[in-house]
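The structure under discussion appears below in the form of structure tokens.
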Amino acid sequence: MKNLVKEERQKINMTQQELADKIGVSRQSIFAIETGKYVPSAILVLKIAQLFKRKVEDIFMLEMED
Amino acid sequence: MKSNWLLPNFFKKIGAVIAPLGLIVWILGQIGFFDQYIIGESTAMNYPYWPKVALLAISFFSFFFGVYFMVFVKEKKEDEFIDRLRLMSFQRGAFFQLFFMIIAFIWMIVFDKEPAGDGGLEVFLIFLISLFWLFYIVHFNVSLYLIRKRADEEFS
């Protein structure tokens, strides 16, 4: 699953640490999500989408192998 | 998911000190390094080996408690990514232990080299159990260190 978390975060000039603090995770978790090393849970996905005021499917997309 | 059953983070430092210290003292005690200092004169009334037995017992349990402290401890920021990393390290630790056990037993059977002597098999089995936990500690902490390092590099 790919995602546009980094792009959405940069659009509103937010750092990884700020995003991490707002959704209650560590900065390395944000890094792992942005680089595709970790697929977050539904709870975290919803939190991220709510924070960016976007639909989940606008930020997280399934890929062919998913 | 919140892991409420984990120890506070400061136990990690305690574990990192007492586990290696306990192991070193236990190994040195086993090879008789401390014998000249702690084994007293044998008389009909006393058991001169009790300080050595006590030292070995204390160091042995220090090692295991140290390992316990390092494994079952919270990170400074606990989240689902840490939980996943912990689970992955457990799985790989279990796989590595099983793989090592199979290879070791095949080696023993093929080359007829069973652990012998005073508690040879016992020591081998303790080593086998420890292998899982040590692999877990190394895998979890190295993975966490590498991801933090990469995150810091991107941040700077």
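So you can find residues: chains in the structure tokens are A, B, ... in the order shown, residues in each start at 1, and ligands are numbered from 1 in order.
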
How close does each residue of chain B get to chain A, giving the shortest atom pair and distance in Å to one decimal for every residue with an atom at most 8 Å away, counting only C-alpha atoms, sorted by chain and residue number, as CSV?
```
residue,atom,partner,partner_atom,distance
B:Lys77,CA,A:Ser26,CA,5.9
B:Glu78,CA,A:Val25,CA,7.3
B:Asp79,CA,A:Val25,CA,5.5
B:Glu80,CA,A:Ser41,CA,7.9
B:Phe81,CA,A:Ser29,CA,5.8
B:Ile82,CA,A:Ser29,CA,8.0
B:Ile147,CA,A:Gln28,CA,6.3
B:Arg148,CA,A:Gln28,CA,5.6
B:Ala151,CA,A:Phe31,CA,5.8
```

Writing out the chosen residues with all heavy atoms as an mmCIF file, in the first residue's frame:
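Now in selection-v2.cif:
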```
data_model
loop_
_atom_site.group_PDB
_atom_site.id
_atom_site.type_symbol
_atom_site.label_atom_id
_atom_site.label_comp_id
_atom_site.auth_asym_id
_atom_site.auth_seq_id
_atom_site.Cartn_x
_atom_site.Cartn_y
_atom_site.Cartn_z
ATOM 1 N N LYS B 77 8.487 5.969 23.796
ATOM 2 C CA LYS B 77 7.202 6.236 23.137
ATOM 3 C C LYS B 77 6.688 4.909 22.591
ATOM 4 O O LYS B 77 7.183 4.417 21.586
ATOM 5 C CB LYS B 77 7.415 7.258 22.008
ATOM 6 C CG LYS B 77 6.146 7.697 21.318
ATOM 7 C CD LYS B 77 5.459 8.788 22.093
ATOM 8 C CE LYS B 77 4.148 9.174 21.437
ATOM 9 N NZ LYS B 77 3.414 10.164 22.223
ATOM 10 N N GLU B 78 5.718 4.366 23.278
ATOM 11 C CA GLU B 78 5.138 3.084 22.846
ATOM 12 C C GLU B 78 4.030 3.338 21.826
ATOM 13 O O GLU B 78 3.116 4.117 22.076
ATOM 14 C CB GLU B 78 4.532 2.357 24.046
ATOM 15 C CG GLU B 78 5.485 1.525 24.842
ATOM 16 C CD GLU B 78 5.965 0.270 24.138
ATOM 17 O OE1 GLU B 78 5.148 -0.441 23.529
ATOM 18 O OE2 GLU B 78 7.165 -0.006 24.204
ATOM 19 N N ASP B 79 4.105 2.705 20.693
ATOM 20 C CA ASP B 79 3.006 2.807 19.726
ATOM 21 C C ASP B 79 2.892 1.502 18.943
ATOM 22 O O ASP B 79 3.603 0.534 19.225
ATOM 23 C CB ASP B 79 3.191 4.022 18.806
ATOM 24 C CG ASP B 79 4.481 3.963 18.010
ATOM 25 O OD1 ASP B 79 5.053 2.876 17.892
ATOM 26 O OD2 ASP B 79 4.919 5.004 17.513
ATOM 27 N N GLU B 80 2.010 1.484 17.961
ATOM 28 C CA GLU B 80 1.761 0.225 17.247
ATOM 29 C C GLU B 80 2.952 -0.216 16.395
ATOM 30 O O GLU B 80 3.130 -1.403 16.157
ATOM 31 C CB GLU B 80 0.490 0.338 16.391
ATOM 32 C CG GLU B 80 0.538 1.458 15.368
ATOM 33 C CD GLU B 80 -0.722 1.512 14.518
ATOM 34 O OE1 GLU B 80 -1.810 1.597 15.095
ATOM 35 O OE2 GLU B 80 -0.597 1.468 13.289
ATOM 36 N N PHE B 81 3.766 0.735 15.962
ATOM 37 C CA PHE B 81 4.952 0.373 15.182
ATOM 38 C C PHE B 81 5.947 -0.391 16.063
ATOM 39 O O PHE B 81 6.535 -1.385 15.641
ATOM 40 C CB PHE B 81 5.590 1.640 14.590
ATOM 41 C CG PHE B 81 6.885 1.380 13.885
ATOM 42 C CD1 PHE B 81 6.918 0.646 12.712
ATOM 43 C CD2 PHE B 81 8.078 1.860 14.403
ATOM 44 C CE1 PHE B 81 8.112 0.390 12.060
ATOM 45 C CE2 PHE B 81 9.273 1.622 13.764
ATOM 46 C CZ PHE B 81 9.296 0.883 12.592
ATOM 47 N N ILE B 82 6.109 0.079 17.295
ATOM 48 C CA ILE B 82 6.993 -0.596 18.249
ATOM 49 C C ILE B 82 6.438 -1.997 18.547
ATOM 50 O O ILE B 82 7.191 -2.974 18.620
ATOM 51 C CB ILE B 82 7.110 0.226 19.559
ATOM 52 C CG1 ILE B 82 7.715 1.600 19.296
ATOM 53 C CG2 ILE B 82 7.909 -0.533 20.623
ATOM 54 C CD1 ILE B 82 9.170 1.631 18.938
ATOM 55 N N ILE B 147 16.189 2.394 12.309
ATOM 56 C CA ILE B 147 15.053 3.206 11.829
ATOM 57 C C ILE B 147 15.139 4.615 12.400
ATOM 58 O O ILE B 147 14.848 5.595 11.700
ATOM 59 C CB ILE B 147 13.702 2.522 12.117
ATOM 60 C CG1 ILE B 147 12.598 3.065 11.198
ATOM 61 C CG2 ILE B 147 13.248 2.646 13.544
ATOM 62 C CD1 ILE B 147 12.270 2.164 10.064
ATOM 63 N N ARG B 148 15.587 4.741 13.659
ATOM 64 C CA ARG B 148 15.767 6.081 14.258
ATOM 65 C C ARG B 148 16.867 6.850 13.532
ATOM 66 O O ARG B 148 16.741 8.041 13.278
ATOM 67 C CB ARG B 148 16.138 5.951 15.732
ATOM 68 C CG ARG B 148 14.927 5.834 16.614
ATOM 69 C CD ARG B 148 15.300 5.750 18.070
ATOM 70 N NE ARG B 148 14.112 5.477 18.862
ATOM 71 C CZ ARG B 148 14.100 4.835 20.013
ATOM 72 N NH1 ARG B 148 15.223 4.389 20.520
ATOM 73 N NH2 ARG B 148 12.993 4.627 20.667
ATOM 74 N N ALA B 151 15.603 7.998 10.209
ATOM 75 C CA ALA B 151 14.652 9.103 10.416
ATOM 76 C C ALA B 151 15.399 10.385 10.753
ATOM 77 O O ALA B 151 15.047 11.462 10.261
ATOM 78 C CB ALA B 151 13.674 8.741 11.522
#
```

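Residues with any atom within 9 Å of segment 18-27 of chain B, counting only C-alpha atoms and excluding same-chain neighbours fewer than 5 positions away, are Lys13, Gly32, Phe33, Leu55, Leu56, Ala57, Ile58, Ser59, Phe60, Phe61, Ser62, Phe63, Phe64, Phe65, Gly66, Val67, Tyr68, Phe69 and Met70 of chain B.
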
Resulting file, chosen residues, all heavy atoms, as a short mmCIF file (atom, residue, chain, number, x, y, z; two decimals), in the first residue's frame:
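Generated output (selection30.cif):
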```
data_model
loop_
_atom_site.label_atom_id
_atom_site.label_comp_id
_atom_site.auth_asym_id
_atom_site.auth_seq_id
_atom_site.Cartn_x
_atom_site.Cartn_y
_atom_site.Cartn_z
N LYS B 13 17.91 0.12 31.36
CA LYS B 13 19.28 0.44 31.75
C LYS B 13 19.77 -0.51 32.85
O LYS B 13 20.91 -0.95 32.83
CB LYS B 13 19.37 1.90 32.23
CG LYS B 13 19.34 2.87 31.09
CD LYS B 13 19.38 4.30 31.55
CE LYS B 13 19.18 5.23 30.35
NZ LYS B 13 18.66 6.52 30.71
N GLY B 32 36.23 -21.24 37.88
CA GLY B 32 37.01 -21.22 39.13
C GLY B 32 37.86 -20.01 39.36
O GLY B 32 38.78 -20.01 40.18
N PHE B 33 37.55 -18.91 38.66
CA PHE B 33 38.35 -17.69 38.78
C PHE B 33 38.35 -17.12 40.20
O PHE B 33 39.36 -16.59 40.65
CB PHE B 33 37.81 -16.65 37.79
CG PHE B 33 38.58 -15.37 37.76
CD1 PHE B 33 39.79 -15.27 37.06
CD2 PHE B 33 38.12 -14.23 38.43
CE1 PHE B 33 40.51 -14.08 37.03
CE2 PHE B 33 38.83 -13.04 38.40
CZ PHE B 33 40.03 -12.97 37.70
N LEU B 55 27.50 -17.10 44.97
CA LEU B 55 27.95 -16.23 43.88
C LEU B 55 27.38 -16.70 42.55
O LEU B 55 26.89 -15.89 41.74
CB LEU B 55 29.48 -16.22 43.83
CG LEU B 55 30.08 -15.31 42.75
CD1 LEU B 55 29.99 -13.85 43.17
CD2 LEU B 55 31.53 -15.68 42.47
N LEU B 56 27.46 -18.02 42.31
CA LEU B 56 26.94 -18.56 41.05
C LEU B 56 25.43 -18.36 40.94
O LEU B 56 24.93 -18.00 39.87
CB LEU B 56 27.28 -20.06 40.93
CG LEU B 56 28.76 -20.38 40.71
CD1 LEU B 56 28.99 -21.88 40.72
CD2 LEU B 56 29.27 -19.79 39.40
N ALA B 57 24.74 -18.57 42.05
CA ALA B 57 23.27 -18.41 42.03
C ALA B 57 22.89 -16.95 41.78
O ALA B 57 22.04 -16.65 40.94
CB ALA B 57 22.67 -18.90 43.34
N ILE B 58 23.57 -16.04 42.49
CA ILE B 58 23.24 -14.60 42.34
C ILE B 58 23.55 -14.13 40.92
O ILE B 58 22.74 -13.44 40.28
CB ILE B 58 24.00 -13.76 43.39
CG1 ILE B 58 23.44 -14.04 44.79
CG2 ILE B 58 23.90 -12.26 43.09
CD1 ILE B 58 24.30 -13.53 45.94
N SER B 59 24.74 -14.52 40.40
CA SER B 59 25.11 -14.06 39.07
C SER B 59 24.19 -14.66 38.00
O SER B 59 23.80 -13.98 37.05
CB SER B 59 26.58 -14.39 38.77
OG SER B 59 26.78 -15.78 38.90
N PHE B 60 23.82 -15.93 38.19
CA PHE B 60 22.93 -16.61 37.24
C PHE B 60 21.57 -15.92 37.18
O PHE B 60 21.05 -15.61 36.10
CB PHE B 60 22.77 -18.07 37.70
CG PHE B 60 21.98 -18.93 36.75
CD1 PHE B 60 22.55 -19.40 35.58
CD2 PHE B 60 20.67 -19.28 37.04
CE1 PHE B 60 21.83 -20.21 34.71
CE2 PHE B 60 19.95 -20.09 36.17
CZ PHE B 60 20.52 -20.55 35.01
N PHE B 61 21.02 -15.62 38.35
CA PHE B 61 19.71 -14.97 38.37
C PHE B 61 19.80 -13.50 37.96
O PHE B 61 18.84 -12.96 37.40
CB PHE B 61 19.04 -15.13 39.74
CG PHE B 61 18.42 -16.49 39.89
CD1 PHE B 61 19.06 -17.48 40.63
CD2 PHE B 61 17.23 -16.81 39.25
CE1 PHE B 61 18.51 -18.75 40.74
CE2 PHE B 61 16.68 -18.07 39.36
CZ PHE B 61 17.32 -19.05 40.10
N SER B 62 20.95 -12.87 38.21
CA SER B 62 21.15 -11.49 37.73
C SER B 62 21.07 -11.46 36.21
O SER B 62 20.46 -10.56 35.63
CB SER B 62 22.52 -10.95 38.16
OG SER B 62 22.58 -10.86 39.53
N PHE B 63 21.71 -12.43 35.59
CA PHE B 63 21.68 -12.51 34.13
C PHE B 63 20.24 -12.65 33.62
O PHE B 63 19.80 -11.90 32.75
CB PHE B 63 22.54 -13.68 33.66
CG PHE B 63 22.38 -14.01 32.20
CD1 PHE B 63 22.78 -13.10 31.23
CD2 PHE B 63 21.83 -15.21 31.79
CE1 PHE B 63 22.61 -13.38 29.88
CE2 PHE B 63 21.66 -15.50 30.45
CZ PHE B 63 22.05 -14.58 29.50
N PHE B 64 19.50 -13.59 34.22
CA PHE B 64 18.14 -13.82 33.74
C PHE B 64 17.19 -12.65 34.04
O PHE B 64 16.37 -12.29 33.21
CB PHE B 64 17.58 -15.14 34.26
CG PHE B 64 18.02 -16.29 33.40
CD1 PHE B 64 19.02 -17.15 33.83
CD2 PHE B 64 17.49 -16.48 32.14
CE1 PHE B 64 19.45 -18.18 33.02
CE2 PHE B 64 17.92 -17.51 31.33
CZ PHE B 64 18.91 -18.36 31.77
N PHE B 65 17.35 -12.05 35.21
CA PHE B 65 16.52 -10.87 35.51
C PHE B 65 16.90 -9.71 34.59
O PHE B 65 16.03 -8.95 34.15
CB PHE B 65 16.64 -10.46 36.99
CG PHE B 65 15.68 -11.20 37.88
CD1 PHE B 65 16.11 -12.23 38.70
CD2 PHE B 65 14.32 -10.88 37.87
CE1 PHE B 65 15.22 -12.93 39.50
CE2 PHE B 65 13.42 -11.58 38.66
CZ PHE B 65 13.87 -12.61 39.48
N GLY B 66 18.19 -9.58 34.30
CA GLY B 66 18.65 -8.53 33.38
C GLY B 66 18.05 -8.71 32.00
O GLY B 66 17.58 -7.75 31.38
N VAL B 67 18.04 -9.95 31.53
CA VAL B 67 17.44 -10.25 30.23
C VAL B 67 15.94 -9.93 30.26
O VAL B 67 15.40 -9.30 29.36
CB VAL B 67 17.69 -11.73 29.84
CG1 VAL B 67 16.85 -12.12 28.63
CG2 VAL B 67 19.16 -11.96 29.54
N TYR B 68 15.30 -10.33 31.35
CA TYR B 68 13.86 -10.06 31.51
C TYR B 68 13.59 -8.55 31.46
O TYR B 68 12.67 -8.09 30.79
CB TYR B 68 13.39 -10.66 32.84
CG TYR B 68 11.98 -10.28 33.23
CD1 TYR B 68 10.88 -10.83 32.56
CD2 TYR B 68 11.74 -9.38 34.24
CE1 TYR B 68 9.59 -10.47 32.90
CE2 TYR B 68 10.45 -9.02 34.60
CZ TYR B 68 9.38 -9.57 33.92
OH TYR B 68 8.11 -9.20 34.26
N PHE B 69 14.42 -7.79 32.17
CA PHE B 69 14.25 -6.33 32.20
C PHE B 69 14.44 -5.72 30.81
O PHE B 69 13.77 -4.75 30.46
CB PHE B 69 15.26 -5.67 33.16
CG PHE B 69 14.98 -5.95 34.62
CD1 PHE B 69 15.94 -5.68 35.58
CD2 PHE B 69 13.77 -6.47 35.03
CE1 PHE B 69 15.69 -5.93 36.92
CE2 PHE B 69 13.50 -6.72 36.37
CZ PHE B 69 14.47 -6.46 37.31
N MET B 70 15.37 -6.27 30.05
CA MET B 70 15.63 -5.70 28.73
C MET B 70 14.55 -6.08 27.71
O MET B 70 14.30 -5.34 26.77
CB MET B 70 17.01 -6.14 28.22
CG MET B 70 18.14 -5.36 28.85
SD MET B 70 19.65 -5.49 27.93
CE MET B 70 20.17 -7.12 28.37
#
```

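Using only C-alpha atoms, the smallest distance between any of A:Glu34, A:Lys6, A:Lys11, A:Ile23 and Leu51 of chain A comes from A:Ile23.
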
Inset, instruction - Would you kindly return, as a ChimeraX atom specification, each protein, DNA or RNA residue with an atom no farther than 6 Å from any atom of segment 88-100 of chain B, considering only C-alpha atoms and excluding same-chain residues fewer than 2 positions away? - result: /B:85-86,102-104,132,135-136,139-140

Could you save those same residues with all heavy atoms as an mmCIF file, in the first residue's frame?
```cif
data_model
loop_
_atom_site.group_PDB
_atom_site.id
_atom_site.type_symbol
_atom_site.label_atom_id
_atom_site.label_comp_id
_atom_site.auth_asym_id
_atom_site.auth_seq_id
_atom_site.Cartn_x
_atom_site.Cartn_y
_atom_site.Cartn_z
ATOM 1 N N LEU B 85 7.287 -4.181 15.654
ATOM 2 C CA LEU B 85 8.718 -4.484 15.668
ATOM 3 C C LEU B 85 9.028 -5.548 16.727
ATOM 4 O O LEU B 85 9.835 -6.459 16.506
ATOM 5 C CB LEU B 85 9.489 -3.196 15.972
ATOM 6 C CG LEU B 85 10.959 -3.143 15.585
ATOM 7 C CD1 LEU B 85 11.134 -3.348 14.097
ATOM 8 C CD2 LEU B 85 11.552 -1.811 15.988
ATOM 9 N N ARG B 86 8.334 -5.433 17.851
ATOM 10 C CA ARG B 86 8.508 -6.396 18.940
ATOM 11 C C ARG B 86 8.034 -7.790 18.503
ATOM 12 O O ARG B 86 8.736 -8.777 18.700
ATOM 13 C CB ARG B 86 7.713 -5.906 20.158
ATOM 14 C CG ARG B 86 8.036 -6.631 21.432
ATOM 15 C CD ARG B 86 7.359 -5.984 22.625
ATOM 16 N NE ARG B 86 8.101 -4.833 23.122
ATOM 17 C CZ ARG B 86 7.604 -3.629 23.307
ATOM 18 N NH1 ARG B 86 6.335 -3.387 23.054
ATOM 19 N NH2 ARG B 86 8.351 -2.662 23.765
ATOM 20 N N ILE B 102 17.800 -27.390 15.513
ATOM 21 C CA ILE B 102 17.799 -28.473 14.522
ATOM 22 C C ILE B 102 19.224 -28.767 14.062
ATOM 23 O O ILE B 102 19.665 -29.917 14.046
ATOM 24 C CB ILE B 102 16.881 -28.107 13.321
ATOM 25 C CG1 ILE B 102 15.425 -28.111 13.772
ATOM 26 C CG2 ILE B 102 17.073 -29.083 12.165
ATOM 27 C CD1 ILE B 102 14.455 -27.468 12.790
ATOM 28 N N ILE B 103 19.954 -27.699 13.717
ATOM 29 C CA ILE B 103 21.345 -27.865 13.255
ATOM 30 C C ILE B 103 22.192 -28.517 14.360
ATOM 31 O O ILE B 103 22.971 -29.441 14.107
ATOM 32 C CB ILE B 103 21.955 -26.489 12.848
ATOM 33 C CG1 ILE B 103 21.199 -25.896 11.661
ATOM 34 C CG2 ILE B 103 23.457 -26.604 12.549
ATOM 35 C CD1 ILE B 103 21.322 -26.651 10.358
ATOM 36 N N ALA B 104 22.012 -28.047 15.598
ATOM 37 C CA ALA B 104 22.814 -28.560 16.718
ATOM 38 C C ALA B 104 22.535 -30.052 16.962
ATOM 39 O O ALA B 104 23.473 -30.838 17.152
ATOM 40 C CB ALA B 104 22.519 -27.756 17.990
ATOM 41 N N PHE B 132 17.308 -17.483 22.180
ATOM 42 C CA PHE B 132 16.068 -16.853 21.712
ATOM 43 C C PHE B 132 15.956 -15.436 22.243
ATOM 44 O O PHE B 132 15.718 -14.489 21.484
ATOM 45 C CB PHE B 132 14.861 -17.688 22.160
ATOM 46 C CG PHE B 132 13.546 -16.979 21.999
ATOM 47 C CD1 PHE B 132 12.965 -16.851 20.755
ATOM 48 C CD2 PHE B 132 12.905 -16.429 23.095
ATOM 49 C CE1 PHE B 132 11.761 -16.186 20.594
ATOM 50 C CE2 PHE B 132 11.695 -15.767 22.947
ATOM 51 C CZ PHE B 132 11.124 -15.641 21.692
ATOM 52 N N PHE B 135 18.762 -13.114 20.909
ATOM 53 C CA PHE B 135 18.484 -12.759 19.517
ATOM 54 C C PHE B 135 17.393 -11.691 19.473
ATOM 55 O O PHE B 135 17.494 -10.716 18.729
ATOM 56 C CB PHE B 135 18.032 -13.990 18.718
ATOM 57 C CG PHE B 135 17.823 -13.704 17.245
ATOM 58 C CD1 PHE B 135 18.851 -13.900 16.338
ATOM 59 C CD2 PHE B 135 16.611 -13.215 16.773
ATOM 60 C CE1 PHE B 135 18.666 -13.611 14.995
ATOM 61 C CE2 PHE B 135 16.415 -12.915 15.431
ATOM 62 C CZ PHE B 135 17.443 -13.127 14.536
ATOM 63 N N TYR B 136 16.357 -11.872 20.300
ATOM 64 C CA TYR B 136 15.257 -10.903 20.348
ATOM 65 C C TYR B 136 15.779 -9.515 20.731
ATOM 66 O O TYR B 136 15.470 -8.523 20.071
ATOM 67 C CB TYR B 136 14.181 -11.350 21.349
ATOM 68 C CG TYR B 136 13.214 -10.237 21.672
ATOM 69 C CD1 TYR B 136 12.162 -9.946 20.816
ATOM 70 C CD2 TYR B 136 13.400 -9.446 22.799
ATOM 71 C CE1 TYR B 136 11.306 -8.891 21.088
ATOM 72 C CE2 TYR B 136 12.545 -8.395 23.071
ATOM 73 C CZ TYR B 136 11.504 -8.120 22.221
ATOM 74 O OH TYR B 136 10.676 -7.065 22.488
ATOM 75 N N HIS B 139 17.966 -8.070 17.895
ATOM 76 C CA HIS B 139 17.163 -7.753 16.706
ATOM 77 C C HIS B 139 16.288 -6.528 16.937
ATOM 78 O O HIS B 139 16.252 -5.601 16.122
ATOM 79 C CB HIS B 139 16.301 -8.961 16.334
ATOM 80 C CG HIS B 139 15.572 -8.781 15.034
ATOM 81 N ND1 HIS B 139 14.396 -8.060 14.941
ATOM 82 C CD2 HIS B 139 15.850 -9.198 13.787
ATOM 83 C CE1 HIS B 139 13.989 -8.055 13.688
ATOM 84 N NE2 HIS B 139 14.855 -8.739 12.960
ATOM 85 N N PHE B 140 15.600 -6.501 18.064
ATOM 86 C CA PHE B 140 14.677 -5.397 18.354
ATOM 87 C C PHE B 140 15.424 -4.071 18.464
ATOM 88 O O PHE B 140 15.044 -3.075 17.844
ATOM 89 C CB PHE B 140 13.908 -5.695 19.652
ATOM 90 C CG PHE B 140 12.969 -4.593 20.062
ATOM 91 C CD1 PHE B 140 11.771 -4.406 19.394
ATOM 92 C CD2 PHE B 140 13.286 -3.748 21.113
ATOM 93 C CE1 PHE B 140 10.901 -3.381 19.768
ATOM 94 C CE2 PHE B 140 12.425 -2.724 21.487
ATOM 95 C CZ PHE B 140 11.231 -2.544 20.815
#
```

Legend entry - DSSP-assigned alpha helix (DSSP H) members of chain A, reported as a count of residues only: 38

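Between atom CA of Met108 of chain B and atom CA of Leu125 of chain B lies a distance of 13.5 Å.
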
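Proximity of A:Gly36, A:Lys22, A:Ile12, A:Glu63 to Ile48 of chain A, computed with only C-alpha atoms, is greatest for A:Lys22.
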
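Restricting the calculation to only C-alpha atoms, the smallest distance between Leu87 of chain B and any of B:Val71, B:Glu114, B:Gln30, B:Leu128 is found for B:Val71.
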